[in-house]
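What follows is one structure encoded as structure tokens, with my remarks underneath.
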Amino acid sequence: MSSSPVEEISSLDAATTPVSAVPDAPYPRQWEADVVAADGATAHLRPITPDDAEAVVAFHARLSERTRYYRYFSPYPTIPPRDLKRFVEVDHHDSVALVLWLGEEIIAIGRYVRLGADDPSAEVAFVVRDDHQGRGLGSILLEHLAAAAEEVGIRRFVAEVLAENRAMVHTFRQAGYDVTRSLDGSTLHLEFDVAATDRSTEVRRSREQAAEARSVSNVLTPRSVAVVGASTDERKLGHVVLRNLLQGGFTGPVYPVNPEARSVRGVRAYPTVTDIPDDVDLAVLAVPPEEVAGVVDGCLAKGVRALVVVTSGFGETGDAGIARQRELVTAARSRGMRVVGPSALGVVNLAPAVRLNASLAPTLPPPGRVGFFCQSGALGIQILAAAAQRRLGLSTFVSAGNRADLSGNDLMQYWDTDPSTDVVLLYLESFGNPRKFARVARRLARRKPVVAVASGRHATPGLAASTSPLEEASVGAVFDQSGVIRVSSVEELFDVALLVANQPLPQGPRIGVVGNSSALGVLAADVALAHGMHLAFPPVDVGAMGDPAELADAALQALEDDRCDALVIVFSPPVATDGAEHADALAEVVTSADKPVTTTFLASSGVPEHLVVPSEHGGAAVPARGSVPSYPSPERAVIALARVVRYTQWLERPVGDFVVPPGCDLTAARAFVADLGPIENALVLDDEQTAELLRRVGIRVAPFRRATSREEAVEAAAALREHGAGEVVVKTVVRTWRHRSDLAGVRTGLSDAESVAYAYQQLTDLSGSPEVDVQTQVPPGMPVVVELRDDPSFGSLVSFGLAGVVTELLGDRAYRATPLSTMDAHTLVRAPRAAPMLDGYRGARPMDLAALEDLLLRVGQLADHVPELRSLVLDPILVAERGVHPTSMRAVLGPPPGPRDGGPRRLGG
């Protein structure tokens with residue numbers, strides 16, 4: 001009996017490699033990723049290893065003759081041992097192969113091989129198993145191969161494809177690259193640069209959005225649900241979930257899984273998931289944590305598409321629980337499943353065609369058009385109860401618990417295209433991937449209002465663990481740039497949600513106030529002015545004894561006034577009157593108005609949460625679009641309106657362009673950092689290294705030279721003058737002296753050797769250090785500071801302010817999160833309170849703000865494309881009438897702190 005190809009290769013281990021991360025892997029770890037296919041199912045991608053030989057042979061055996069012919073241009077029924085060895089033994093540089101795993105089986109392979117030593121081109125090819133074709137796996141492989149190639153200096157891909165292989169040709173043509181094509185007989189020759197283009201980035205993000213939205217749809221619109229751990233004990237979680245599913249009227253079959261019971265709540269039970277005779281789309285796990293792994297295996301065998309894990313005892317319990325949680329997510333993702341939880345409250349979809357309540361929540365709000373995401377299960381129960389009490393109708397609700405997999409970013413991808421959702425509410429305890437959050441939220445908020453509470457900033461890890469100004473500025477910058485309506489409490493979240501869900505958006509900040517109490521009217525006006533709105537006219541008071549018709553007529557006149565963009569009605573019922581007649585009269589004129597209206601009815605138990613037509617009052621029905629929300633105080637009514645006004649102002653503001661300025665060579669910047677070798681801990685760059693890194697993105701630091709003696713200082717000054725410098729500056733290298741506001745550590749305007757020598761002596765005596773920097777003196781200008789900070793919880797943050805002790809003392813800094821658009825840079829340089837000093841304040845000559853904006857864009861690009869850059873300080877930068885001149889800088893590199901938002905698609909990226 002002949003041996004198999006695997007057996008003939010003595011250097012290969014025949015054991016199948018697990019799909020999770022390979023211990024001591026010989027390949028770059030960043031090339032490994034979990035990915036989402038077009039149908040929403042997940043898979044695991046990693047570089048090939050020699051241990052994969054047997055799996056490769058099995059993969060090849062499952063390819064159809066047609067697929068093998070398309071890939072190899074011949075029947076190629078089996079892989080010869082020599083070819084197998086070449087396939088699995090790659091150097092992960094000039095030859096790279098990536099494999100996609102589903103469970104313990106390979107479902108797709110992609111590879112490239114450099115055409116020659118130091119050749120910038122490589123030949124690329126990939127093949128997808130027949131039963132997994134049409135899922136977008138080829139485009140995923142192409143993205144990851146292109147990213148790996150660019151990382152090792154390959155700039156161009158070539159491919160030979162049979163002209164009749166339309167699926168492969170389509171993959172290349174639709175990837176968004178600039179592909180050149182030539183036909184040689186029946187073979188199509190394709191070539192394209194691997195660097196991302198605007199079009200390829202657009203294609204990648206569009207596919208990412210569609211795939212992630214589909215994966216969420218798999219959770220929220222299942223055709224059938226299994227409850228694993230469905231106990232007969234009414235106190236157990238599994239029993240509660242099953243009861244809620246049945247009582248909620250889920251439109252598909254529900255399968256209790258309990259090995260010790262024949263039925264639960266009158267529904268036949270099954271010993272395991274695999275014993276269920278029909279398909280199962282969603283499984284809710286309510287078993288002890290030590291049993292979860294076995295249940296996941298059964299769900300894989302059954303073909304379950306998503307898991308909701310309400311079981312606790314994972315990441316919230318410490319290191320052992322974190323490890324168990326990581327194993328759960330790794331196992332589920334590698335088997336094609338998304339996970340909600342663990343320790344989740346569950347998921348809800350109130351659409352009439354679904355009616356899914358796979359949660360522990362005993363009370364649900366009515367169906368509506370608001371999507372809600374939160375993490376905490378206990379808080380989720382309170383949120384749903386509050387939504388029901390205030391009759392805020394929800395479309396879908398997800399409580400993600402520990403948020404080990406499915407996140408708020410995933411839900412926003414889904415809600416962006418969900419026709420049943422008009423408003424999105426987020427209760428965030430952490431951002432997950434803040435860079436992706438900013439991008440996805442910015443796109444979503446252009447179409448639908450997004451309202452968010454960012455909790456946990458003061459006492460819990462995650463979003464922030466303290467109240468530092470930088471952390472608060474980080475959250476604010478991400479929300480402001482993304483158009484997210486930020487609120488400070490769940491109460492305020494509902495206040496704003498009721499307004500945007502039921503009223504039109506205001507067209508401007510001009511507010512009208514109408515009521516029957518001058519005190520309440522003045523209070524509402526004061527709050528409006530304090531929150532940046534304007535009064536369209538003085539508050540209108542119809543008097544304490546004004547009848548319903550007078551109040552309604554005043555409201556109608558205000559709405560018809562072209563000066564008024566929004567209306568606040570304040571009402572305090574007269575003695576022995578509950579205000580119901582006034583409410584009815586108002587409803588006739590303000591319901592369904594084309595301007596937003598909010599109301600406050602004090603001390604009135606007869607007026608509902610929403611001012612609507614009387615026949616629509618009462619019951620649990622959700623208010624119709626056009627209903628007017630009523631708030632318990634004028635302050636809350638006005639503040640909710642102010643939040644929405646700010647959102648509409650953001651909508652009117654141009655987004656700007658995300659551009660790479662001319663001369664900004666990001667590839668060279670990445671190469672510079674790569675040449676420094678592995679960075680395992682914080683690495684402070686010296687000034688020469690920092691200047692070189694900045695030069696590669698087009699930021700020119702004023703030329704300088706380091707000197708350690710009087711003679712060297714004089715020689716350095718002479719050398720700088722030979723290269724065009726006029727006067728020079730001598731600065732101590734001791735930063736505590738160098739950055740003093742009185743310039744004690746700096747000597748300027750030095751034009752001869754004697755003055756340079758004297759300055760050197762003064763500064764070394766002052767600082768105690770023999771080292772100084774001799775630098776070309778730049779034109780006079782206004783000193784400013786630009787700083788970049790990178791944090792795993794917040795992302796990269798760029799701050800800007802004028803230099804000096806006064807602005808530092810007052811904290812007069814403005815912040816923006818990366819990526820920076822041209823509009824972000826434009827608003828950033830004008831945001832500090834002292835910014836007018838740069839733009840001709842009191843007749844002074846204006847400084848070159850356009851050059852300053854250009855510098856900020858380059859810093860933003862550096863932050864986005866060099867993930868090792870943990871911090872960068874340019875202090876000071878002298879902004880002149882023409883040009884900007886950085887004179888001092890400090891940069892720190894380190895391991896990338898968190899997930900990025902660039903490159904090929906990946907979960908968490």
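By order of appearance in the structure tokens: chains A, B, ..., then residues from 1 within every chain, and ligands from 1 in the order shown.
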
Selection near A:Val733, 10 Å with only C-alpha atoms, sequence-local residues under 5 positions removed, as a list in words: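 Once the adjacent positions are removed, what remains is Asp687, Arg706, Ala707, Arg738, His739, Gly745, Val746, Leu763, Thr764, Ser767, Ser769, Pro770, Glu771, Val772 and Asp773 of chain A.
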
Compile a residue-level contact table for stretch 499-577 of chain A against stretch 637-640 of chain A at a cut-off of 10 Å, reporting for every qualifying residue the shortest atom pair and its distance in Å to one decimal, with only C-alpha atoms counted, rows ordered by chain and ascending number, as a Markdown table.
| residue | atom | partner | partner_atom | distance |
| --- | --- | --- | --- | --- |
| A:Leu499 | CA | A:Ala640 | CA | 7.3 |
| A:Val500 | CA | A:Ala640 | CA | 9.3 |
| A:Ile511 | CA | A:Val638 | CA | 9.2 |
| A:Val513 | CA | A:Val638 | CA | 9.8 |
| A:Leu523 | CA | A:Val638 | CA | 9.7 |
| A:Ala524 | CA | A:Val638 | CA | 6.5 |
| A:Ala525 | CA | A:Val638 | CA | 8.5 |
| A:Asp526 | CA | A:Val638 | CA | 9.6 |
| A:Val527 | CA | A:Val638 | CA | 6.7 |
| A:Ala528 | CA | A:Val638 | CA | 6.1 |
| A:Leu529 | CA | A:Val638 | CA | 9.8 |
| A:Ala530 | CA | A:Ile639 | CA | 9.6 |
| A:His531 | CA | A:Ile639 | CA | 7.3 |
| A:Met533 | CA | A:Val638 | CA | 9.6 |
| A:Leu567 | CA | A:Val638 | CA | 9.4 |
| A:Val568 | CA | A:Val638 | CA | 7.1 |
| A:Ile569 | CA | A:Ala637 | CA | 9.0 |
| A:Val570 | CA | A:Ala637 | CA | 9.2 |

Go ahead and write the selection's residues with N, CA and C atoms as a short mmCIF file (atom, residue, chain, number, x, y, z; two decimals), in the first residue's frame.
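This is the output file selection-v3.cif:
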data_model
loop_
_atom_site.label_atom_id
_atom_site.label_comp_id
_atom_site.auth_asym_id
_atom_site.auth_seq_id
_atom_site.Cartn_x
_atom_site.Cartn_y
_atom_site.Cartn_z
N LEU A 499 -37.86 62.82 22.21
CA LEU A 499 -37.94 63.96 21.30
C LEU A 499 -37.60 63.56 19.87
N VAL A 500 -36.43 62.89 19.68
CA VAL A 500 -36.02 62.56 18.31
C VAL A 500 -36.87 61.45 17.70
N ILE A 511 -35.36 79.45 19.74
CA ILE A 511 -36.40 78.77 20.50
C ILE A 511 -37.47 79.77 20.92
N VAL A 513 -40.82 80.31 23.57
CA VAL A 513 -41.36 79.83 24.85
C VAL A 513 -42.76 80.41 25.02
N LEU A 523 -37.62 80.83 33.37
CA LEU A 523 -36.75 79.70 33.69
C LEU A 523 -36.37 78.94 32.41
N ALA A 524 -37.34 78.66 31.56
CA ALA A 524 -37.05 77.95 30.31
C ALA A 524 -36.13 78.77 29.43
N ALA A 525 -36.36 80.09 29.37
CA ALA A 525 -35.52 80.95 28.54
C ALA A 525 -34.08 80.96 29.06
N ASP A 526 -33.91 81.05 30.37
CA ASP A 526 -32.56 81.07 30.94
C ASP A 526 -31.80 79.79 30.64
N VAL A 527 -32.49 78.67 30.76
CA VAL A 527 -31.83 77.39 30.48
C VAL A 527 -31.46 77.31 29.00
N ALA A 528 -32.32 77.79 28.12
CA ALA A 528 -32.03 77.77 26.69
C ALA A 528 -30.80 78.60 26.37
N LEU A 529 -30.70 79.80 26.93
CA LEU A 529 -29.55 80.66 26.67
C LEU A 529 -28.27 80.04 27.24
N ALA A 530 -28.39 79.40 28.40
CA ALA A 530 -27.22 78.78 29.02
C ALA A 530 -26.69 77.61 28.21
N HIS A 531 -27.53 77.02 27.36
CA HIS A 531 -27.12 75.88 26.55
C HIS A 531 -26.93 76.24 25.08
N MET A 533 -28.62 78.22 22.94
CA MET A 533 -29.71 78.54 22.02
C MET A 533 -30.06 80.03 22.11
N LEU A 567 -40.32 75.04 19.73
CA LEU A 567 -41.22 75.63 20.71
C LEU A 567 -41.22 74.82 21.99
N VAL A 568 -41.15 75.55 23.13
CA VAL A 568 -41.30 74.95 24.45
C VAL A 568 -42.57 75.53 25.08
N ILE A 569 -43.47 74.66 25.50
CA ILE A 569 -44.70 75.09 26.15
C ILE A 569 -44.62 74.72 27.63
N VAL A 570 -44.80 75.71 28.49
CA VAL A 570 -44.75 75.48 29.94
C VAL A 570 -46.12 75.82 30.52
#

I need the helix (DSSP H, G or I) residues of stretch 311-405 of chain A per DSSP on the backbone, written as an mmCIF file with C-alpha atoms, in the first residue's frame.
data_model
loop_
_atom_site.group_PDB
_atom_site.id
_atom_site.type_symbol
_atom_site.label_atom_id
_atom_site.label_comp_id
_atom_site.auth_asym_id
_atom_site.auth_seq_id
_atom_site.Cartn_x
_atom_site.Cartn_y
_atom_site.Cartn_z
ATOM 1 C CA GLY A 315 -14.662 37.555 32.490
ATOM 2 C CA GLU A 316 -16.255 39.273 35.461
ATOM 3 C CA THR A 317 -14.770 36.728 37.914
ATOM 4 C CA ASP A 319 -8.170 35.706 35.446
ATOM 5 C CA ALA A 320 -9.603 32.190 35.297
ATOM 6 C CA GLY A 321 -12.943 33.525 34.079
ATOM 7 C CA ILE A 322 -11.239 35.717 31.492
ATOM 8 C CA ALA A 323 -9.394 32.690 30.137
ATOM 9 C CA ARG A 324 -12.634 30.690 30.018
ATOM 10 C CA GLN A 325 -14.365 33.573 28.233
ATOM 11 C CA ARG A 326 -11.568 33.813 25.686
ATOM 12 C CA GLU A 327 -11.822 30.082 24.995
ATOM 13 C CA LEU A 328 -15.581 30.411 24.514
ATOM 14 C CA VAL A 329 -15.283 33.190 21.947
ATOM 15 C CA THR A 330 -12.376 31.533 20.142
ATOM 16 C CA ALA A 331 -14.293 28.259 19.856
ATOM 17 C CA ALA A 332 -17.506 29.933 18.695
ATOM 18 C CA ARG A 333 -15.922 32.253 16.136
ATOM 19 C CA SER A 334 -13.759 29.505 14.664
ATOM 20 C CA GLY A 377 -27.867 42.826 32.530
ATOM 21 C CA ALA A 378 -29.173 44.319 35.770
ATOM 22 C CA LEU A 379 -29.211 47.785 34.263
ATOM 23 C CA GLY A 380 -30.819 46.414 31.112
ATOM 24 C CA ILE A 381 -33.840 45.223 33.097
ATOM 25 C CA GLN A 382 -34.253 48.706 34.568
ATOM 26 C CA ILE A 383 -33.804 50.325 31.153
ATOM 27 C CA LEU A 384 -36.503 48.173 29.574
ATOM 28 C CA ALA A 385 -38.864 48.838 32.465
ATOM 29 C CA ALA A 386 -38.238 52.596 32.178
ATOM 30 C CA ALA A 387 -38.793 52.485 28.420
ATOM 31 C CA ALA A 388 -42.091 50.673 28.988
ATOM 32 C CA GLN A 389 -43.151 53.202 31.626
#

So that each row is one residue of stretch 766-821 of chain A with an atom at most 12 Å from stretch 427-434 of chain A, can you give its shortest atom pair and the distance in Å to one decimal, using only C-alpha atoms, rows by chain and rising number, as CSV?
residue,atom,partner,partner_atom,distance
A:Asp790,CA,A:Pro434,CA,11.0
A:Asp791,CA,A:Pro434,CA,9.5
A:Pro792,CA,A:Pro434,CA,8.0
A:Ser793,CA,A:Phe431,CA,6.6
A:Phe794,CA,A:Pro434,CA,5.5
A:Gly795,CA,A:Pro434,CA,5.5
A:Ser796,CA,A:Pro434,CA,8.8
A:Leu797,CA,A:Pro434,CA,10.8
A:Ala817,CA,A:Pro434,CA,9.4
A:Thr818,CA,A:Pro434,CA,9.9
A:Pro819,CA,A:Pro434,CA,11.1

message: My list of candidates is A:Arg813, A:Arg870, A:Arg129, A:Arg443. Which is closest to A:Arg62 when distances are computed with only C-alpha atoms?
response: A:Arg129

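Assigned to strand (DSSP E or B) in stretch 241-279 of chain A, given DSSP computed from backbone atoms, are Val254, Tyr255, Pro256, Val257, Ser263, Val264, Val267, Arg268 and Tyr270 of chain A.
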
Could the residues in this selection be written to a file with N, CA and C atoms, as a PDB file, in the first residue's frame?
ATOM      1  N   VAL A 254     -39.683  26.857  19.340  1.00  0.00           N
ATOM      2  CA  VAL A 254     -38.786  26.988  20.494  1.00  0.00           C
ATOM      3  C   VAL A 254     -38.517  25.595  21.037  1.00  0.00           C
ATOM      4  N   TYR A 255     -37.241  25.271  21.255  1.00  0.00           N
ATOM      5  CA  TYR A 255     -36.851  23.934  21.675  1.00  0.00           C
ATOM      6  C   TYR A 255     -36.158  23.992  23.037  1.00  0.00           C
ATOM      7  N   PRO A 256     -36.811  23.537  24.106  1.00  0.00           N
ATOM      8  CA  PRO A 256     -36.105  23.415  25.386  1.00  0.00           C
ATOM      9  C   PRO A 256     -35.090  22.270  25.310  1.00  0.00           C
ATOM     10  N   VAL A 257     -33.913  22.466  25.904  1.00  0.00           N
ATOM     11  CA  VAL A 257     -32.897  21.414  25.972  1.00  0.00           C
ATOM     12  C   VAL A 257     -32.636  21.136  27.443  1.00  0.00           C
ATOM     13  N   SER A 263     -40.390  17.466  29.137  1.00  0.00           N
ATOM     14  CA  SER A 263     -40.971  18.707  28.643  1.00  0.00           C
ATOM     15  C   SER A 263     -40.730  19.801  29.676  1.00  0.00           C
ATOM     16  N   VAL A 264     -40.748  21.036  29.202  1.00  0.00           N
ATOM     17  CA  VAL A 264     -40.640  22.203  30.079  1.00  0.00           C
ATOM     18  C   VAL A 264     -41.720  23.187  29.645  1.00  0.00           C
ATOM     19  N   VAL A 267     -43.704  22.139  26.658  1.00  0.00           N
ATOM     20  CA  VAL A 267     -43.046  22.007  25.362  1.00  0.00           C
ATOM     21  C   VAL A 267     -42.052  20.859  25.445  1.00  0.00           C
ATOM     22  N   ARG A 268     -42.077  19.977  24.460  1.00  0.00           N
ATOM     23  CA  ARG A 268     -41.186  18.825  24.472  1.00  0.00           C
ATOM     24  C   ARG A 268     -39.736  19.261  24.593  1.00  0.00           C
ATOM     25  N   TYR A 270     -35.477  18.213  24.717  1.00  0.00           N
ATOM     26  CA  TYR A 270     -34.523  17.308  24.089  1.00  0.00           C
ATOM     27  C   TYR A 270     -33.277  17.219  24.964  1.00  0.00           C
TER      28      TYR A 270
END
